[in-house]
Amino acid sequence: MLIFEKSRSGRGMHMLPECDVPAVMPEAKDMRESALHLPEMSENDLSRHYTELAKKSHGVNDGFYPLGSCTMKYNPKINNDMADLPGFTEVHPLQPEHTVQGCLEVIGTIEKYLCEITRMDRMTMQPAAGSHGEFTGLLLIKAYHESRGDTKRTKIIVPDSAHGTNPASAAMAGYSVVSVPSGPDGCVDIEKLKEAAGDDVAGLMLTNPNTVGLFDKNILEITEIIHQCGGLNYYDGANLNAVMGIVRPGDMGFDVIHLNLHKTFSTPHGGGGPGSGPVGCKQFLSPFLPSVLVEGEDELTFVRPKQSIGEMKSFYGNFLVVVRALSYIMTLGKEGIPEASRNAVLNANYMMNKLKDLYTMAYDEVCMHEFVMSLEDLKKKTGVSAMDIAKGLLDNGIHPPTMYFPLIVKEALMAEPTETESKETLDEAIEVFRSLYHEAQEHADSLHSAPVKTPVTRLDEVGAARHPVLRYQFEP
């Protein structure tokens, strides 16, 4: 029930102090013709309403959340404690820089750490999300080519297994997108890449490990092919959690990168934010960055390079997300960062190997942080789809893996257990997956109607997508 439906005329509460300044009302022409539709509730009813909603949601704190390519790891509370410090929460973005030197030091410190982890030379914290970072990185590539008068480069190469935001970001930056297929091994088809590479290519966007959870064995050849044709290499950092502290994108031949602080570096994400997608680059691209932090004789300050693409967001980005990420990096340290990646890879391989005798693995080889199952055969034999298994997981208190992605795998379920899950949790999840497989063989109809234990049962998702109800209709 919506809060508006619980509203009762005349009820209310006193949560705000009395106004202690003269009230100034707008002129009559600027006033609303009718009153705002605000719910009228007691404080008790309001508290119960939102508590009830909280109980119906599912997050990392509630149970296993193996959402592939999203890295839904547990977020240590110390990170939130650091972000809650008054020195960070009570500053104002319009304060003079000399009054927020501690905050600027946070930005400068994490820039150095992230550059070391990625083997980049400079980093901007402005982008507010991964897709925003992609767009920023592509604008850097475009500005670089244009600065050299090389305007014939109008194409960006994107593998067919890429995240959907990759081609969208390239199109927003004014490029046409060339899709390169994957080979039978799940990696980039080298011969097709060579055919696509030419003097009209501005760059390549690549995720490594890729979206089927494999580290491309030809990565050095791939980036060299693009460099030889005069293009630049862009690294989508969505899957960095598998390799951070072990291998560095800059050493693989990448020129520009975005990171997802709200994934790899543990800030809570989901529900639309907050996010942070810092963009790093090699030195030759740094003249095109948004304003960069520099060390003066007495204080830190931001300076905009002369060839800058301009500011990508107001002020300094989502600053408190940066604070959380810095806390995470400093807590783990030089030894803990690669250990986290190794445990993520270990957990994914453990879970995959415990399931592959029943479920068909799209690529039956050692994976990185995630793996992809194909339920195509199961659907043909029993009629039970990847969607049905996903809905069955909900009845068992497990958030489903990513469904029907990547598009190159039919009836795909992509699972990423992350490094913060214990062996006991993985074993329980594995048993649920196995029981659902057997249920599909013996009682397929029961899975077609799942979930039945959740606050709402199976929804008409097609109808909701095509005919969404986006606003509450008040009675006249």
# chains A, B, ... in the order shown; residues from 1 in each chain; ligands from 1
call {"tool": "closest_atom_pairs", "arguments": {"of": "segment 14-112 of chain A", "to": "segment 348-369 of chain A", "cutoff": "9 Å", "atoms": "only C-alpha atoms", "output": "Markdown table"}}
result
| residue | atom | partner | partner_atom | distance |
| --- | --- | --- | --- | --- |
| A:Gly68 | CA | A:His369 | CA | 8.9 |
| A:Ser69 | CA | A:His369 | CA | 8.7 |
| A:Thr71 | CA | A:His369 | CA | 8.8 |
call {"tool": "write_last_selection", "arguments": {"atoms": "N, CA and C atoms", "output": "mmCIF file, in the first residue's frame"}}
result
data_model
loop_
_atom_site.group_PDB
_atom_site.id
_atom_site.type_symbol
_atom_site.label_atom_id
_atom_site.label_comp_id
_atom_site.auth_asym_id
_atom_site.auth_seq_id
_atom_site.Cartn_x
_atom_site.Cartn_y
_atom_site.Cartn_z
ATOM 1 N N GLY A 68 25.862 -10.821 -11.394
ATOM 2 C CA GLY A 68 27.048 -10.785 -12.242
ATOM 3 C C GLY A 68 27.375 -9.415 -12.784
ATOM 4 N N SER A 69 28.673 -9.105 -12.809
ATOM 5 C CA SER A 69 29.217 -7.841 -13.301
ATOM 6 C C SER A 69 28.809 -6.648 -12.446
ATOM 7 N N THR A 71 29.409 -6.849 -8.801
ATOM 8 C CA THR A 71 30.298 -6.916 -7.638
ATOM 9 C C THR A 71 29.595 -6.437 -6.373
#
call {"tool": "residues_around", "arguments": {"residues": "segment 259-264 of chain A", "least_positions_apart": "4", "cutoff": "8 Å", "atoms": "only C-alpha atoms", "output": "PyMOL selection string"}}
result
chain A and resi 70-73+129-130+133+236-241+268-269+274-279+321-322+325
call {"tool": "write_last_selection", "arguments": {"atoms": "C-alpha atoms", "output": "PDB file, in the first residue's frame"}}
result
ATOM      1  CA  CYS A  70      27.892  -5.793 -10.385  1.00  0.00           C
ATOM      2  CA  THR A  71      30.298  -6.916  -7.638  1.00  0.00           C
ATOM      3  CA  MET A  72      27.767  -6.790  -4.816  1.00  0.00           C
ATOM      4  CA  LYS A  73      30.369  -7.248  -2.102  1.00  0.00           C
ATOM      5  CA  ALA A 129      29.028   6.688 -12.510  1.00  0.00           C
ATOM      6  CA  GLY A 130      30.636   4.116 -14.770  1.00  0.00           C
ATOM      7  CA  GLY A 133      33.197   7.757 -16.881  1.00  0.00           C
ATOM      8  CA  ASP A 236      36.076  -0.495 -18.924  1.00  0.00           C
ATOM      9  CA  GLY A 237      36.916  -1.043 -15.251  1.00  0.00           C
ATOM     10  CA  ALA A 238      33.660  -2.784 -14.354  1.00  0.00           C
ATOM     11  CA  ASN A 239      35.444  -6.086 -13.734  1.00  0.00           C
ATOM     12  CA  LEU A 240      38.615  -4.792 -12.102  1.00  0.00           C
ATOM     13  CA  ASN A 241      37.677  -6.637  -8.905  1.00  0.00           C
ATOM     14  CA  PRO A 268      27.137   0.578  -1.363  1.00  0.00           C
ATOM     15  CA  HIS A 269      25.403   0.791  -4.725  1.00  0.00           C
ATOM     16  CA  PRO A 274      25.378   7.156  -5.246  1.00  0.00           C
ATOM     17  CA  GLY A 275      28.046   6.268  -7.764  1.00  0.00           C
ATOM     18  CA  SER A 276      31.517   7.364  -8.716  1.00  0.00           C
ATOM     19  CA  GLY A 277      33.320   6.598 -11.961  1.00  0.00           C
ATOM     20  CA  PRO A 278      36.801   8.162 -11.842  1.00  0.00           C
ATOM     21  CA  VAL A 279      38.655   8.323 -15.143  1.00  0.00           C
ATOM     22  CA  VAL A 321      31.917   7.974  -2.277  1.00  0.00           C
ATOM     23  CA  VAL A 322      35.576   8.874  -2.794  1.00  0.00           C
ATOM     24  CA  ALA A 325      36.810   4.156  -1.374  1.00  0.00           C
TER      25      ALA A 325
END
call {"tool": "atom_distance", "arguments": {"atom1": "atom CA of Phe302 of chain A", "atom2": "atom CA of Pro93 of chain A"}}
result
13.0 Å
call {"tool": "closest_residue", "arguments": {"among": "A:Arg324, A:Arg119, A:His145, A:Lys282", "to": "Met252 of chain A", "atoms": "only C-alpha atoms"}}
result
A:Arg119
call {"tool": "atom_distance", "arguments": {"atom1": "atom CA of Met123 of chain A", "atom2": "atom CA of Glu111 of chain A"}}
result
5.6 Å
call {"tool": "closest_residue", "arguments": {"among": "A:Leu206, A:Leu193, A:Ile329, A:Ile222", "to": "Ala162 of chain A", "atoms": "only C-alpha atoms"}}
result
A:Leu206
call {"tool": "select_by_dssp", "arguments": {"residues": "segment 319-385 of chain A", "states": "strand (DSSP E or B)", "output": "list in words"}}
result
Thr360, Met361, Phe371, Val372, Met373 and Ser374 of chain A
call {"tool": "write_last_selection", "arguments": {"atoms": "N, CA and C atoms", "output": "JSON list (two decimals), in the first residue's frame"}}
result
[["chain", "number", "residue", "atom", "x", "y", "z"],
["A", 360, "THR", "N", 25.01, -26.27, -17.56],
["A", 360, "THR", "CA", 25.96, -26.12, -18.66],
["A", 360, "THR", "C", 26.69, -24.79, -18.53],
["A", 361, "MET", "N", 27.99, -24.84, -18.43],
["A", 361, "MET", "CA", 28.79, -23.62, -18.37],
["A", 361, "MET", "C", 29.05, -23.12, -19.79],
["A", 371, "PHE", "N", 31.12, -16.25, -13.63],
["A", 371, "PHE", "CA", 30.97, -17.28, -14.65],
["A", 371, "PHE", "C", 29.55, -17.23, -15.20],
["A", 372, "VAL", "N", 29.39, -17.77, -16.40],
["A", 372, "VAL", "CA", 28.10, -17.72, -17.08],
["A", 372, "VAL", "C", 27.60, -19.13, -17.35],
["A", 373, "MET", "N", 26.37, -19.37, -16.91],
["A", 373, "MET", "CA", 25.70, -20.63, -17.21],
["A", 373, "MET", "C", 24.72, -20.43, -18.36],
["A", 374, "SER", "N", 24.59, -21.43, -19.21],
["A", 374, "SER", "CA", 23.57, -21.41, -20.26],
["A", 374, "SER", "C", 22.51, -22.45, -19.92]]
call {"tool": "residues_around", "arguments": {"residues": "Thr109 of chain A", "least_positions_apart": "5", "cutoff": "9 Å", "atoms": "only C-alpha atoms", "output": "number ranges by chain"}}
result
A: 104, 114, 326
call {"tool": "write_last_selection", "arguments": {"atoms": "N, CA and C atoms", "output": "short mmCIF file (atom, residue, chain, number, x, y, z; two decimals), in the first residue's frame"}}
result
data_model
loop_
_atom_site.label_atom_id
_atom_site.label_comp_id
_atom_site.auth_asym_id
_atom_site.auth_seq_id
_atom_site.Cartn_x
_atom_site.Cartn_y
_atom_site.Cartn_z
N LEU A 104 40.65 18.12 -0.09
CA LEU A 104 41.44 18.05 -1.32
C LEU A 104 42.57 17.04 -1.17
N LEU A 114 44.92 5.09 -6.91
CA LEU A 114 44.24 4.52 -8.07
C LEU A 114 45.14 4.50 -9.30
N LEU A 326 38.60 5.48 -0.41
CA LEU A 326 39.93 5.67 0.16
C LEU A 326 40.06 4.90 1.47
#
call {"tool": "closest_atom_pairs", "arguments": {"of": "segment 433-454 of chain A", "to": "segment 378-381 of chain A", "cutoff": "9 Å", "atoms": "only C-alpha atoms", "output": "Markdown table"}}
result
| residue | atom | partner | partner_atom | distance |
| --- | --- | --- | --- | --- |
| A:Tyr437 | CA | A:Leu378 | CA | 8.5 |
| A:Ala440 | CA | A:Leu378 | CA | 8.1 |
| A:Gln441 | CA | A:Lys381 | CA | 8.3 |
call {"tool": "write_last_selection", "arguments": {"atoms": "C-alpha atoms", "output": "mmCIF file, in the first residue's frame"}}
result
data_model
loop_
_atom_site.group_PDB
_atom_site.id
_atom_site.type_symbol
_atom_site.label_atom_id
_atom_site.label_comp_id
_atom_site.auth_asym_id
_atom_site.auth_seq_id
_atom_site.Cartn_x
_atom_site.Cartn_y
_atom_site.Cartn_z
ATOM 1 C CA TYR A 437 17.698 -27.982 -11.157
ATOM 2 C CA ALA A 440 12.918 -28.389 -12.968
ATOM 3 C CA GLN A 441 13.218 -32.059 -13.929
#
call {"tool": "select_by_dssp", "arguments": {"residues": "segment 186-411 of chain A", "states": "helix (DSSP H, G or I)", "output": "ChimeraX atom specification"}}
result
/A:190-196,219-228,240-242,249-252,283-288,319-355,376-382,386-395
call {"tool": "atom_distance", "arguments": {"atom1": "atom CA of Ile78 of chain A", "atom2": "atom CA of Leu300 of chain A"}}
result
26.6 Å
call {"tool": "residues_around", "arguments": {"residues": "Glu339 of chain A", "least_positions_apart": "3", "cutoff": "12 Å", "atoms": "only C-alpha atoms", "output": "NGL selection string"}}
result
:A and (241-246 or 332-336 or 342-346 or 419-420)
